[in-house]
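Q: Input input_7.csv, format and content: CSV, C-alpha atoms and all ligand atoms.
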```csv
chain,number,residue,atom,x,y,z
C,16,MET,CA,-23.2,-14.7,13.5
C,17,LYS,CA,-26.9,-15.2,14.0
C,18,ARG,CA,-28.5,-18.1,12.3
C,19,SER,CA,-30.6,-15.8,10.0
C,20,GLN,CA,-27.4,-13.8,9.1
C,21,PHE,CA,-25.6,-17.1,8.4
C,22,LEU,CA,-28.4,-18.3,6.0
C,23,THR,CA,-28.4,-14.9,4.3
C,24,SER,CA,-24.7,-15.0,3.7
C,25,LEU,CA,-25.1,-18.5,2.2
C,26,LEU,CA,-27.6,-17.2,-0.3
C,27,ALA,CA,-24.9,-14.8,-1.6
C,28,VAL,CA,-22.7,-17.7,-2.6
C,29,PRO,CA,-23.5,-19.5,-5.9
C,30,ALA,CA,-25.1,-22.9,-5.2
C,31,ALA,CA,-22.3,-24.8,-7.1
C,32,LEU,CA,-19.8,-23.4,-4.6
C,33,LEU,CA,-21.5,-24.8,-1.6
C,34,PHE,CA,-21.2,-28.3,-2.9
C,35,PRO,CA,-17.7,-28.3,-4.4
C,36,SER,CA,-17.5,-32.1,-4.8
C,37,CYS,CA,-20.4,-31.8,-7.3
C,38,ASN,CA,-19.2,-28.8,-9.4
C,39,LYS,CA,-16.2,-30.1,-11.3
C,40,THR,CA,-18.3,-31.2,-14.2
C,41,ASP,CA,-21.2,-29.7,-16.0
C,42,SER,CA,-22.3,-33.1,-17.3
C,43,ALA,CA,-25.1,-33.1,-14.8
C,44,GLY,CA,-26.2,-29.7,-16.1
C,45,ARG,CA,-24.6,-27.7,-13.3
C,46,LYS,CA,-23.0,-24.4,-14.3
C,47,LEU,CA,-19.3,-23.9,-14.3
C,48,THR,CA,-18.0,-21.1,-12.0
C,49,ILE,CA,-15.3,-19.0,-13.5
C,50,ALA,CA,-13.5,-16.6,-11.2
C,51,PHE,CA,-12.2,-13.6,-13.2
C,52,MET,CA,-9.7,-11.0,-11.8
C,53,PRO,CA,-8.3,-7.8,-13.3
C,54,LYS,CA,-5.0,-6.1,-12.2
C,55,GLY,CA,-7.2,-3.3,-10.9
C,56,LYS,CA,-11.0,-2.8,-10.9
C,57,GLY,CA,-10.7,1.0,-11.2
C,58,ASN,CA,-8.6,0.9,-14.4
C,59,SER,CA,-10.7,1.7,-17.6
C,60,TYR,CA,-8.7,-0.9,-19.5
C,61,PHE,CA,-9.9,-3.7,-17.2
C,62,ILE,CA,-13.4,-2.2,-17.1
C,63,ALA,CA,-13.4,-2.7,-20.9
C,64,CYS,CA,-12.0,-6.3,-20.4
C,65,GLU,CA,-14.8,-7.0,-18.0
C,66,LYS,CA,-17.4,-6.0,-20.5
C,67,GLY,CA,-16.2,-8.6,-23.0
C,68,ALA,CA,-15.9,-11.2,-20.2
C,69,ARG,CA,-19.5,-10.7,-19.3
C,70,GLU,CA,-20.5,-11.1,-22.9
C,71,ALA,CA,-18.8,-14.5,-23.1
C,72,VAL,CA,-20.3,-15.5,-19.7
C,73,SER,CA,-23.8,-15.0,-20.9
C,74,GLU,CA,-23.1,-16.6,-24.3
C,75,LEU,CA,-21.7,-19.7,-22.5
C,76,GLY,CA,-24.2,-19.8,-19.7
C,77,VAL,CA,-21.6,-20.1,-16.9
C,78,GLU,CA,-21.4,-18.4,-13.5
C,79,LEU,CA,-19.0,-15.5,-13.1
C,80,LEU,CA,-17.2,-14.4,-9.9
C,81,PHE,CA,-15.6,-11.0,-10.6
C,82,ASP,CA,-13.2,-9.4,-8.1
C,83,GLY,CA,-9.8,-7.7,-7.9
C,84,PRO,CA,-7.9,-5.0,-6.1
C,85,THR,CA,-9.2,-1.4,-6.7
C,86,ASN,CA,-5.7,-0.3,-7.8
C,87,THR,CA,-2.5,-2.3,-8.3
C,88,ASP,CA,-2.0,-4.5,-5.2
C,89,PRO,CA,-0.4,-7.8,-5.7
C,90,ALA,CA,-1.0,-8.9,-2.0
C,91,LYS,CA,-4.7,-8.3,-2.5
C,92,GLN,CA,-4.6,-10.4,-5.7
C,93,ASN,CA,-3.1,-13.3,-3.7
C,94,GLU,CA,-5.8,-13.0,-1.0
C,95,ILE,CA,-8.6,-13.1,-3.6
C,96,VAL,CA,-7.1,-16.2,-5.2
C,97,GLU,CA,-6.9,-17.9,-1.8
C,98,ASN,CA,-10.5,-17.1,-1.1
C,99,TRP,CA,-11.6,-18.5,-4.5
C,100,THR,CA,-9.5,-21.6,-3.7
C,101,THR,CA,-11.3,-22.1,-0.4
C,102,LEU,CA,-14.6,-21.6,-2.2
C,103,GLY,CA,-13.7,-24.3,-4.7
C,104,VAL,CA,-14.4,-22.5,-8.0
C,105,ASP,CA,-13.9,-24.4,-11.2
C,106,VAL,CA,-11.4,-22.1,-12.9
C,107,ILE,CA,-9.6,-18.9,-12.2
C,108,ALA,CA,-8.6,-16.4,-14.9
C,109,VAL,CA,-6.3,-13.7,-13.7
C,110,ALA,CA,-4.3,-10.7,-15.1
C,111,CYS,CA,-1.2,-10.9,-12.8
C,112,GLU,CA,0.4,-7.8,-11.3
C,113,ASN,CA,3.4,-9.7,-10.0
C,114,THR,CA,4.6,-12.6,-12.1
C,115,GLU,CA,6.3,-14.6,-9.4
C,116,GLY,CA,4.4,-13.2,-6.4
C,117,ILE,CA,1.1,-14.8,-7.4
C,118,SER,CA,2.4,-18.1,-8.6
C,119,GLY,CA,2.4,-19.8,-5.1
C,120,ALA,CA,-1.3,-19.0,-4.6
C,121,LEU,CA,-2.2,-20.2,-8.1
C,122,LYS,CA,-0.2,-23.4,-7.6
C,123,LYS,CA,-2.2,-24.1,-4.4
C,124,ALA,CA,-5.4,-23.6,-6.4
C,125,GLN,CA,-4.2,-26.1,-9.0
C,126,GLN,CA,-3.3,-28.6,-6.3
C,127,LYS,CA,-6.9,-28.4,-5.2
C,128,GLY,CA,-8.1,-29.3,-8.8
C,129,ILE,CA,-8.9,-25.8,-9.8
C,130,LYS,CA,-7.9,-24.9,-13.4
C,131,VAL,CA,-5.9,-21.7,-13.8
C,132,VAL,CA,-5.5,-19.5,-16.9
C,133,THR,CA,-3.9,-16.0,-17.1
C,134,TYR,CA,-4.7,-13.2,-19.4
C,135,ASP,CA,-3.1,-9.8,-20.2
C,136,SER,CA,-0.1,-10.4,-17.9
C,137,ASP,CA,1.3,-13.8,-17.1
C,138,THR,CA,2.5,-15.7,-14.1
C,139,THR,CA,5.2,-18.5,-14.2
C,140,GLN,CA,4.3,-21.2,-16.7
C,141,ASP,CA,4.0,-23.9,-14.0
C,142,ALA,CA,1.3,-21.9,-12.2
C,143,ARG,CA,-1.3,-21.9,-15.1
C,144,SER,CA,-2.3,-24.0,-18.1
C,145,PHE,CA,-2.8,-21.3,-20.8
C,146,PHE,CA,-2.0,-17.6,-21.1
C,147,VAL,CA,-4.3,-15.4,-23.2
C,148,ASN,CA,-2.0,-12.9,-24.7
C,149,GLN,CA,-3.2,-9.7,-26.4
C,150,ALA,CA,-0.5,-9.9,-29.1
C,151,THR,CA,3.0,-11.2,-29.3
C,152,PRO,CA,5.4,-9.3,-27.0
C,153,GLN,CA,7.7,-8.9,-29.9
C,154,GLY,CA,5.0,-7.4,-32.0
C,155,ILE,CA,4.0,-4.9,-29.3
C,156,GLY,CA,7.6,-4.0,-28.3
C,157,GLU,CA,8.8,-3.5,-31.9
C,158,ALA,CA,5.6,-1.5,-32.9
C,159,LEU,CA,6.3,0.9,-29.9
C,160,MET,CA,10.0,1.3,-30.7
C,161,ASP,CA,9.4,1.8,-34.5
C,162,GLU,CA,6.7,4.4,-33.8
C,163,ALA,CA,8.9,6.3,-31.3
C,164,ALA,CA,11.7,6.3,-33.8
C,165,ARG,CA,9.4,7.6,-36.6
C,166,LEU,CA,8.1,10.4,-34.3
C,167,CYS,CA,11.7,11.4,-33.4
C,168,ALA,CA,13.1,11.0,-36.9
C,169,GLU,CA,15.3,8.2,-35.5
C,170,GLU,CA,17.3,10.5,-33.3
C,171,GLY,CA,17.3,11.8,-29.7
C,172,GLU,CA,16.4,10.9,-26.1
C,173,PHE,CA,13.3,9.2,-24.9
C,174,ALA,CA,12.0,7.8,-21.6
C,175,ILE,CA,9.5,5.0,-20.7
C,176,ILE,CA,6.7,5.2,-18.2
C,177,THR,CA,5.7,1.6,-17.3
C,178,ALA,CA,3.1,0.2,-14.8
C,179,THR,CA,5.2,-1.8,-12.4
C,180,LEU,CA,8.6,-3.4,-12.6
C,181,THR,CA,7.1,-6.8,-11.6
C,182,ALA,CA,4.4,-7.2,-14.3
C,183,ALA,CA,5.3,-9.8,-16.9
C,184,ASN,CA,3.6,-8.1,-19.8
C,185,MET,CA,5.4,-4.8,-19.4
C,186,ASN,CA,8.8,-6.5,-18.8
C,187,GLU,CA,8.4,-8.6,-21.9
C,188,TRP,CA,7.5,-5.5,-24.0
C,189,ARG,CA,10.5,-3.6,-22.6
C,190,LYS,CA,12.8,-6.4,-23.5
C,191,PHE,CA,11.7,-6.1,-27.2
C,192,ILE,CA,11.8,-2.3,-27.1
C,193,GLY,CA,15.4,-2.6,-25.9
C,194,SER,CA,16.5,-5.1,-28.5
C,195,ARG,CA,14.8,-3.1,-31.3
C,196,LEU,CA,16.5,0.0,-30.1
C,197,ALA,CA,19.9,-1.7,-30.0
C,198,SER,CA,19.6,-3.2,-33.4
C,199,LYS,CA,17.9,-0.5,-35.5
C,200,TYR,CA,18.2,3.0,-33.9
C,201,PRO,CA,21.8,3.8,-32.8
C,202,LYS,CA,21.1,7.5,-32.6
C,203,MET,CA,18.3,7.1,-30.1
C,204,LYS,CA,18.9,6.9,-26.3
C,205,LEU,CA,16.6,5.6,-23.6
C,206,VAL,CA,17.4,8.0,-20.7
C,207,ASP,CA,15.1,6.6,-18.0
C,208,THR,CA,12.3,4.2,-17.1
C,209,LYS,CA,9.8,5.0,-14.4
C,210,PRO,CA,6.9,3.0,-12.9
C,211,CYS,CA,3.6,4.7,-12.3
C,212,ASP,CA,1.7,1.8,-10.6
C,213,ASP,CA,-0.9,1.9,-13.4
C,214,GLN,CA,-2.0,5.3,-12.0
C,215,LYS,CA,-2.7,8.3,-14.1
C,216,ASP,CA,-1.8,10.9,-11.5
C,217,LYS,CA,1.5,9.2,-10.7
C,218,ALA,CA,2.3,9.0,-14.4
C,219,GLN,CA,1.6,12.7,-14.7
C,220,SER,CA,4.1,13.5,-11.9
C,221,GLU,CA,6.7,11.1,-13.3
C,222,ALA,CA,6.3,12.7,-16.7
C,223,THR,CA,6.7,16.2,-15.2
C,224,ASN,CA,9.9,15.1,-13.5
C,225,LEU,CA,11.2,13.4,-16.6
C,226,ILE,CA,10.6,16.6,-18.7
C,227,SER,CA,12.4,18.8,-16.2
C,228,ALA,CA,15.3,16.4,-15.5
C,229,ASN,CA,15.9,15.8,-19.2
C,230,PRO,CA,15.9,19.1,-21.2
C,231,ASN,CA,16.7,17.3,-24.4
C,232,LEU,CA,13.9,14.8,-24.1
C,233,LYS,CA,12.2,14.2,-27.4
C,234,CYS,CA,9.7,11.6,-26.6
C,235,ILE,CA,7.8,9.7,-23.9
C,236,MET,CA,6.7,6.2,-24.4
C,237,ALA,CA,3.9,5.3,-21.9
C,238,ILE,CA,3.3,1.6,-21.9
C,239,CYS,CA,0.4,1.2,-19.6
C,240,SER,CA,-3.0,2.6,-20.3
C,241,PRO,CA,-3.4,5.2,-17.5
C,242,ALA,CA,0.1,6.5,-18.2
C,243,VAL,CA,-0.8,7.8,-21.7
C,244,PRO,CA,-3.4,10.5,-20.6
C,245,GLY,CA,-1.3,11.1,-17.5
C,246,ALA,CA,1.8,11.9,-19.5
C,247,ALA,CA,-0.3,13.9,-22.0
C,248,GLU,CA,-1.5,16.2,-19.2
C,249,ALA,CA,2.1,16.7,-18.0
C,250,ILE,CA,3.3,17.6,-21.5
C,251,LYS,CA,0.4,20.0,-22.0
C,252,GLN,CA,0.9,21.7,-18.6
C,253,ALA,CA,4.7,22.1,-19.3
C,254,GLY,CA,3.8,23.8,-22.6
C,255,LYS,CA,5.7,21.1,-24.5
C,256,ALA,CA,3.0,19.8,-26.8
C,257,GLY,CA,4.7,18.7,-30.1
C,258,ALA,CA,8.2,19.4,-28.7
C,259,VAL,CA,8.1,16.3,-26.5
C,260,LYS,CA,6.3,13.6,-28.5
C,261,LEU,CA,4.0,11.1,-26.8
C,262,LEU,CA,3.0,7.6,-27.8
C,263,GLY,CA,1.8,4.7,-25.8
C,264,LEU,CA,-0.6,1.8,-25.2
C,265,GLY,CA,-3.9,3.3,-24.3
C,266,LEU,CA,-7.6,3.4,-24.8
C,267,PRO,CA,-8.9,5.5,-27.7
C,268,SER,CA,-11.6,7.0,-25.4
C,269,GLU,CA,-9.0,8.2,-22.9
C,270,ASN,CA,-6.7,9.8,-25.5
C,271,ARG,CA,-9.1,11.1,-28.1
C,272,ALA,CA,-8.9,14.8,-27.0
C,273,TYR,CA,-5.1,14.8,-26.5
C,274,LEU,CA,-4.7,13.2,-30.0
C,275,LYS,CA,-6.8,15.9,-31.6
C,276,GLU,CA,-5.0,18.7,-29.7
C,277,GLY,CA,-1.6,17.4,-30.9
C,278,VAL,CA,-0.3,16.6,-27.4
C,279,THR,CA,-0.3,12.8,-28.1
C,280,GLN,CA,0.8,11.6,-31.5
C,281,SER,CA,0.1,7.8,-31.5
C,282,VAL,CA,-1.7,5.3,-29.4
C,283,ILE,CA,-1.4,1.5,-29.9
C,284,LEU,CA,-3.9,-1.0,-28.5
C,285,TRP,CA,-5.9,-4.2,-29.2
C,286,ARG,CA,-9.7,-4.7,-28.8
C,287,VAL,CA,-9.7,-4.9,-25.0
C,288,ALA,CA,-13.2,-6.2,-24.7
C,289,ASP,CA,-12.2,-9.1,-27.0
C,290,LEU,CA,-9.4,-9.9,-24.6
C,291,GLY,CA,-11.8,-10.4,-21.7
C,292,TYR,CA,-14.2,-12.3,-24.0
C,293,LEU,CA,-11.3,-14.6,-25.1
C,294,ALA,CA,-10.1,-15.1,-21.5
C,295,ILE,CA,-13.5,-16.4,-20.5
C,296,GLN,CA,-13.8,-18.6,-23.6
C,297,VAL,CA,-10.4,-20.2,-22.8
C,298,ALA,CA,-11.2,-20.6,-19.1
C,299,ASN,CA,-14.4,-22.3,-19.9
C,300,ALA,CA,-12.8,-24.6,-22.4
C,301,VAL,CA,-9.9,-25.6,-20.1
C,302,ALA,CA,-12.4,-26.4,-17.3
C,303,ASN,CA,-14.6,-28.6,-19.5
C,304,LYS,CA,-11.5,-30.1,-21.1
C,305,SER,CA,-12.2,-29.1,-24.7
C,306,LEU,CA,-8.9,-27.2,-24.7
C,307,ASN,CA,-5.9,-29.2,-23.7
C,308,PRO,CA,-2.1,-28.8,-23.5
C,309,GLY,CA,-0.5,-29.4,-27.0
C,310,ASP,CA,-3.6,-28.1,-28.9
C,311,LYS,CA,-2.5,-25.9,-31.8
C,312,THR,CA,-5.7,-23.9,-32.4
C,313,PHE,CA,-8.7,-22.8,-30.4
C,314,LYS,CA,-12.2,-21.9,-31.6
C,315,ALA,CA,-13.1,-18.8,-29.6
C,316,GLY,CA,-16.8,-18.2,-30.1
C,317,ARG,CA,-17.4,-15.0,-32.3
C,318,LEU,CA,-13.6,-14.5,-32.6
C,319,GLY,CA,-13.2,-17.6,-34.7
C,320,GLU,CA,-10.2,-19.9,-34.8
C,321,LEU,CA,-7.1,-18.6,-33.1
C,322,GLU,CA,-3.5,-19.8,-33.1
C,323,ILE,CA,-1.9,-21.3,-30.0
C,324,GLU,CA,1.9,-20.7,-29.6
C,325,GLY,CA,3.1,-23.1,-27.0
C,326,SER,CA,0.8,-22.4,-24.1
C,327,SER,CA,-0.1,-18.8,-25.3
C,328,ILE,CA,-3.3,-18.0,-27.2
C,329,ILE,CA,-2.9,-14.8,-29.1
C,330,LEU,CA,-5.7,-12.4,-29.7
C,331,GLY,CA,-4.2,-10.7,-32.7
C,332,LYS,CA,-2.3,-7.8,-34.0
C,333,PRO,CA,-2.5,-4.4,-32.2
C,334,PHE,CA,-4.0,-1.3,-33.9
C,335,LEU,CA,-2.5,2.1,-34.2
C,336,PHE,CA,-4.7,5.1,-33.4
C,337,THR,CA,-3.9,8.6,-34.5
C,338,LYS,CA,-6.0,11.8,-34.6
C,339,ASP,CA,-7.2,10.7,-38.1
C,340,ASN,CA,-8.8,7.4,-37.2
C,341,VAL,CA,-9.5,7.6,-33.4
C,342,ASP,CA,-13.2,8.4,-34.0
C,343,GLN,CA,-13.7,5.0,-35.5
C,344,PHE,CA,-13.2,3.2,-32.2
C,345,ASP,CA,-15.7,3.2,-29.4
C,346,PHE,CA,-13.8,2.0,-26.4
P,1,LIG,C1,-2.7,-1.2,-18.3
P,1,LIG,C2,-2.4,-2.6,-17.7
P,1,LIG,C3,-2.4,-3.7,-18.7
P,1,LIG,C4,-1.8,-3.3,-20.0
P,1,LIG,C5,-2.4,-2.1,-20.5
P,1,LIG,C6,-1.8,-1.6,-21.8
P,1,LIG,O1,-4.0,-0.8,-18.1
P,1,LIG,O2,-1.2,-2.5,-17.0
P,1,LIG,O3,-1.7,-4.8,-18.1
P,1,LIG,O4,-1.9,-4.4,-20.9
P,1,LIG,O5,-2.2,-1.0,-19.6
```
Represent the supplied structure as structure tokens.
A:
Amino acid sequence: MKRSQFLTSLLAVPAALLFPSCNKTDSAGRKLTIAFMPKGKGNSYFIACEKGAREAVSELGVELLFDGPTNTDPAKQNEIVENWTTLGVDVIAVACENTEGISGALKKAQQKGIKVVTYDSDTTQDARSFFVNQATPQGIGEALMDEAARLCAEEGEFAIITATLTAANMNEWRKFIGSRLASKYPKMKLVDTKPCDDQKDKAQSEATNLISANPNLKCIMAICSPAVPGAAEAIKQAGKAGAVKLLGLGLPSENRAYLKEGVTQSVILWRVADLGYLAIQVANAVANKSLNPGDKTFKAGRLGELEIEGSSIILGKPFLFTKDNVDQFDF
């Protein structure tokens, strides 16, 4: 590389990162650098998260490094963590695609003195200090199962479309969907669970296959955000609107039209921008040591005081969107 090119490339790196020995504290007025990673940059859910993250970043006056795979790609997530570790950022906040797969890279970052928090989808507990959780997994799993049962009058076959089989959040939710099914709905049967890699098109083709392979299917439960409009399109094109009910975890904006057409019945979600906002607040507080293991509450800027359960900080209860209230939400 020519000297001029080298100097230009240095200019692209925040100053704090060029002098890692000086950037572990902001007591000298230097800005903390928070590295923030979504599961996928192309996913509208994480685009909404990023919006809230940027809001917190400007409120706190910290530096943000934002990067991630375009679509689900656990190997790429590891590679980015390794780059951030080499750069010597202060804190990494990541939504993990593969619970176990990313833990080694995160532990290496911790060994270098970098703080690690997770949000949306966790890694193993020893690879991070706090997990910023959208709601309790039990709350999400049971809300999904109860709503599916209501839509099916507590009887019949249903199928799940999930993101990946390695994501901690989906797996936790599925555990509680299963236990609620077993304890409360004996006349309902889960016939299949298919991953769609957090891709709308793949969810659509999986839903099409599920509909043709299961002629008695009464309901599809799509538990990652791109899967809800993907499955809706499949149901619509199969001419099954209303006959195969659809519910899931999705953005109001991506499901508004399908809700109004009667293809999708119910959508559940939390305020996604607030999740990104909270993740940055937590990352900042962990890095400057105002949030420590064992704390029971956390003051999260405009979100006020939140409960800490063990090492999880919970955003709050999810909302239910239907055709009647979806227009009240702008994300
Ligand atoms: C997807 C992601 C994310 C999940 C939402 C509901 O976009 O997989 O992890 O929380 O859906």
Q: Enter the distance from atom CA of Ala237 of chain C to atom CA of Ser326 of chain C, in Å, rounded to one decimal.
A: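 Going from atom CA of Ala237 of chain C over to atom CA of Ser326 of chain C covers 28.0 Å.
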Q: Work out how far apart atom CA of Asn299 of chain C and atom CA of Arg286 of chain C are and give it in Å to one decimal.
A: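 Separation of atom CA of Asn299 of chain C and atom CA of Arg286 of chain C: 20.3 Å.
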Q: As a quick test: using only C-alpha atoms and all ligand atoms, which residues lie no more than 7 Å away from ligand LIG 1 (chain P)? Give them as an mmCIF file with C-alpha atoms, in the coordinates of the input.
A:
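Saved as pocket07.cif:
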```cif
data_model
loop_
_atom_site.group_PDB
_atom_site.id
_atom_site.type_symbol
_atom_site.label_atom_id
_atom_site.label_comp_id
_atom_site.auth_asym_id
_atom_site.auth_seq_id
_atom_site.Cartn_x
_atom_site.Cartn_y
_atom_site.Cartn_z
ATOM 1 C CA LYS C 54 -5.000 -6.100 -12.200
ATOM 2 C CA ASN C 58 -8.600 0.900 -14.400
ATOM 3 C CA TYR C 60 -8.700 -0.900 -19.500
ATOM 4 C CA PHE C 61 -9.900 -3.700 -17.200
ATOM 5 C CA ASP C 135 -3.100 -9.800 -20.200
ATOM 6 C CA SER C 136 -0.100 -10.400 -17.900
ATOM 7 C CA ALA C 178 3.100 0.200 -14.800
ATOM 8 C CA ASN C 184 3.600 -8.100 -19.800
ATOM 9 C CA ASP C 213 -0.900 1.900 -13.400
ATOM 10 C CA ILE C 238 3.300 1.600 -21.900
ATOM 11 C CA CYS C 239 0.400 1.200 -19.600
ATOM 12 C CA SER C 240 -3.000 2.600 -20.300
ATOM 13 C CA PRO C 241 -3.400 5.200 -17.500
ATOM 14 C CA LEU C 264 -0.600 1.800 -25.200
ATOM 15 C CA GLY C 265 -3.900 3.300 -24.300
#
```
Q: Between C:Leu196, C:Ala50, C:Ala63, C:Ala174, which one has atoms that come closest to Val104 of chain C, using all atoms listed in the file?
A: C:Ala50
Q: Using only C-alpha atoms, pick whichever of C:Ala315, C:Ile323, C:Val206, C:Val341 has the shortest atom-to-atom distance to Tyr273 of chain C.
A: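 Ranked by minimum distance to Tyr273 of chain C, first place goes to C:Val341.
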Q: Figure out the distance between atom CA of Asn93 of chain C and atom CA of Asp289 of chain C, please, to one decimal in Å.
A: 25.4 Å
Q: Using only C-alpha atoms, which residue out of C:Thr181, C:Thr139, C:Ser198, C:Ser227 lies closest to Glu112 of chain C?
A: C:Thr181
Q: Between segment 141-188 of chain C and segment 217-224 of chain C, at 12 Å or less, what are the per-residue closest atom pairs and their distances in Å? Count only C-alpha atoms, order by chain and rising residue number, and return it as JSON lines.
A:
```
{"residue": "C:Phe173", "atom": "CA", "partner": "C:Ala222", "partner_atom": "CA", "distance": 11.3}
{"residue": "C:Ala174", "atom": "CA", "partner": "C:Ala222", "partner_atom": "CA", "distance": 9.0}
{"residue": "C:Ile175", "atom": "CA", "partner": "C:Ala222", "partner_atom": "CA", "distance": 9.2}
{"residue": "C:Ile176", "atom": "CA", "partner": "C:Ala218", "partner_atom": "CA", "distance": 6.9}
{"residue": "C:Thr177", "atom": "CA", "partner": "C:Ala218", "partner_atom": "CA", "distance": 8.6}
{"residue": "C:Ala178", "atom": "CA", "partner": "C:Ala218", "partner_atom": "CA", "distance": 8.8}
{"residue": "C:Thr179", "atom": "CA", "partner": "C:Ala218", "partner_atom": "CA", "distance": 11.4}
```
Q: Using only C-alpha atoms, which protein or nucleic acid residues come within 12 Å of Thr101 of chain C? Drop anything in the same chain fewer than 2 positions from it, and give the result as a PyMOL selection string.
A: chain C and resi 32-35+94-99+103-105+120+123-129
Q: Given only C-alpha atoms as the basis, pick out the residue of C:Ala110, C:Val278, C:Ala298, C:Val259 nearest to Asn148 of chain C.
A: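 Closest residue, counting only C-alpha atoms: C:Ala110.
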Q: Kindly extract all protein, DNA and RNA residues lying within 10 Å of the coordinates (-4.4, -18.5, -15.1) given in the file, considering all atoms listed in the file, and supply them as a JSON list (two decimals) with C-alpha atoms, keeping the file's coordinate frame.
A:
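Writing done, so here's point13.json:
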```json
[["chain", "number", "residue", "atom", "x", "y", "z"],
["C", 51, "PHE", "CA", -12.20, -13.60, -13.20],
["C", 52, "MET", "CA", -9.70, -11.00, -11.80],
["C", 106, "VAL", "CA", -11.40, -22.10, -12.90],
["C", 107, "ILE", "CA", -9.60, -18.90, -12.20],
["C", 108, "ALA", "CA", -8.60, -16.40, -14.90],
["C", 109, "VAL", "CA", -6.30, -13.70, -13.70],
["C", 110, "ALA", "CA", -4.30, -10.70, -15.10],
["C", 111, "CYS", "CA", -1.20, -10.90, -12.80],
["C", 118, "SER", "CA", 2.40, -18.10, -8.60],
["C", 121, "LEU", "CA", -2.20, -20.20, -8.10],
["C", 122, "LYS", "CA", -0.20, -23.40, -7.60],
["C", 125, "GLN", "CA", -4.20, -26.10, -9.00],
["C", 130, "LYS", "CA", -7.90, -24.90, -13.40],
["C", 131, "VAL", "CA", -5.90, -21.70, -13.80],
["C", 132, "VAL", "CA", -5.50, -19.50, -16.90],
["C", 133, "THR", "CA", -3.90, -16.00, -17.10],
["C", 134, "TYR", "CA", -4.70, -13.20, -19.40],
["C", 136, "SER", "CA", -0.10, -10.40, -17.90],
["C", 137, "ASP", "CA", 1.30, -13.80, -17.10],
["C", 138, "THR", "CA", 2.50, -15.70, -14.10],
["C", 139, "THR", "CA", 5.20, -18.50, -14.20],
["C", 140, "GLN", "CA", 4.30, -21.20, -16.70],
["C", 142, "ALA", "CA", 1.30, -21.90, -12.20],
["C", 143, "ARG", "CA", -1.30, -21.90, -15.10],
["C", 144, "SER", "CA", -2.30, -24.00, -18.10],
["C", 145, "PHE", "CA", -2.80, -21.30, -20.80],
["C", 146, "PHE", "CA", -2.00, -17.60, -21.10],
["C", 147, "VAL", "CA", -4.30, -15.40, -23.20],
["C", 294, "ALA", "CA", -10.10, -15.10, -21.50],
["C", 297, "VAL", "CA", -10.40, -20.20, -22.80],
["C", 298, "ALA", "CA", -11.20, -20.60, -19.10]]
```
Q: Any idea what's packed within 9 Å of Ile295 of chain C, counting all atoms listed in the file, ignoring anything in its chain fewer than 5 positions away? Could you give it as a PyMOL selection string?
A: chain C and resi 49+51+67-69+71-72+108+290+300
Q: Write the residues of the preceding selection, restricted to C-alpha atoms, as a PDB file, in the frame of the given file.
A:
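again.pdb was written with the following content:
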```pdb
ATOM      1  CA  ILE C  49     -15.300 -19.000 -13.500  1.00  0.00           C
ATOM      2  CA  PHE C  51     -12.200 -13.600 -13.200  1.00  0.00           C
ATOM      3  CA  GLY C  67     -16.200  -8.600 -23.000  1.00  0.00           C
ATOM      4  CA  ALA C  68     -15.900 -11.200 -20.200  1.00  0.00           C
ATOM      5  CA  ARG C  69     -19.500 -10.700 -19.300  1.00  0.00           C
ATOM      6  CA  ALA C  71     -18.800 -14.500 -23.100  1.00  0.00           C
ATOM      7  CA  VAL C  72     -20.300 -15.500 -19.700  1.00  0.00           C
ATOM      8  CA  ALA C 108      -8.600 -16.400 -14.900  1.00  0.00           C
ATOM      9  CA  LEU C 290      -9.400  -9.900 -24.600  1.00  0.00           C
ATOM     10  CA  ALA C 300     -12.800 -24.600 -22.400  1.00  0.00           C
TER      11      ALA C 300
END
```
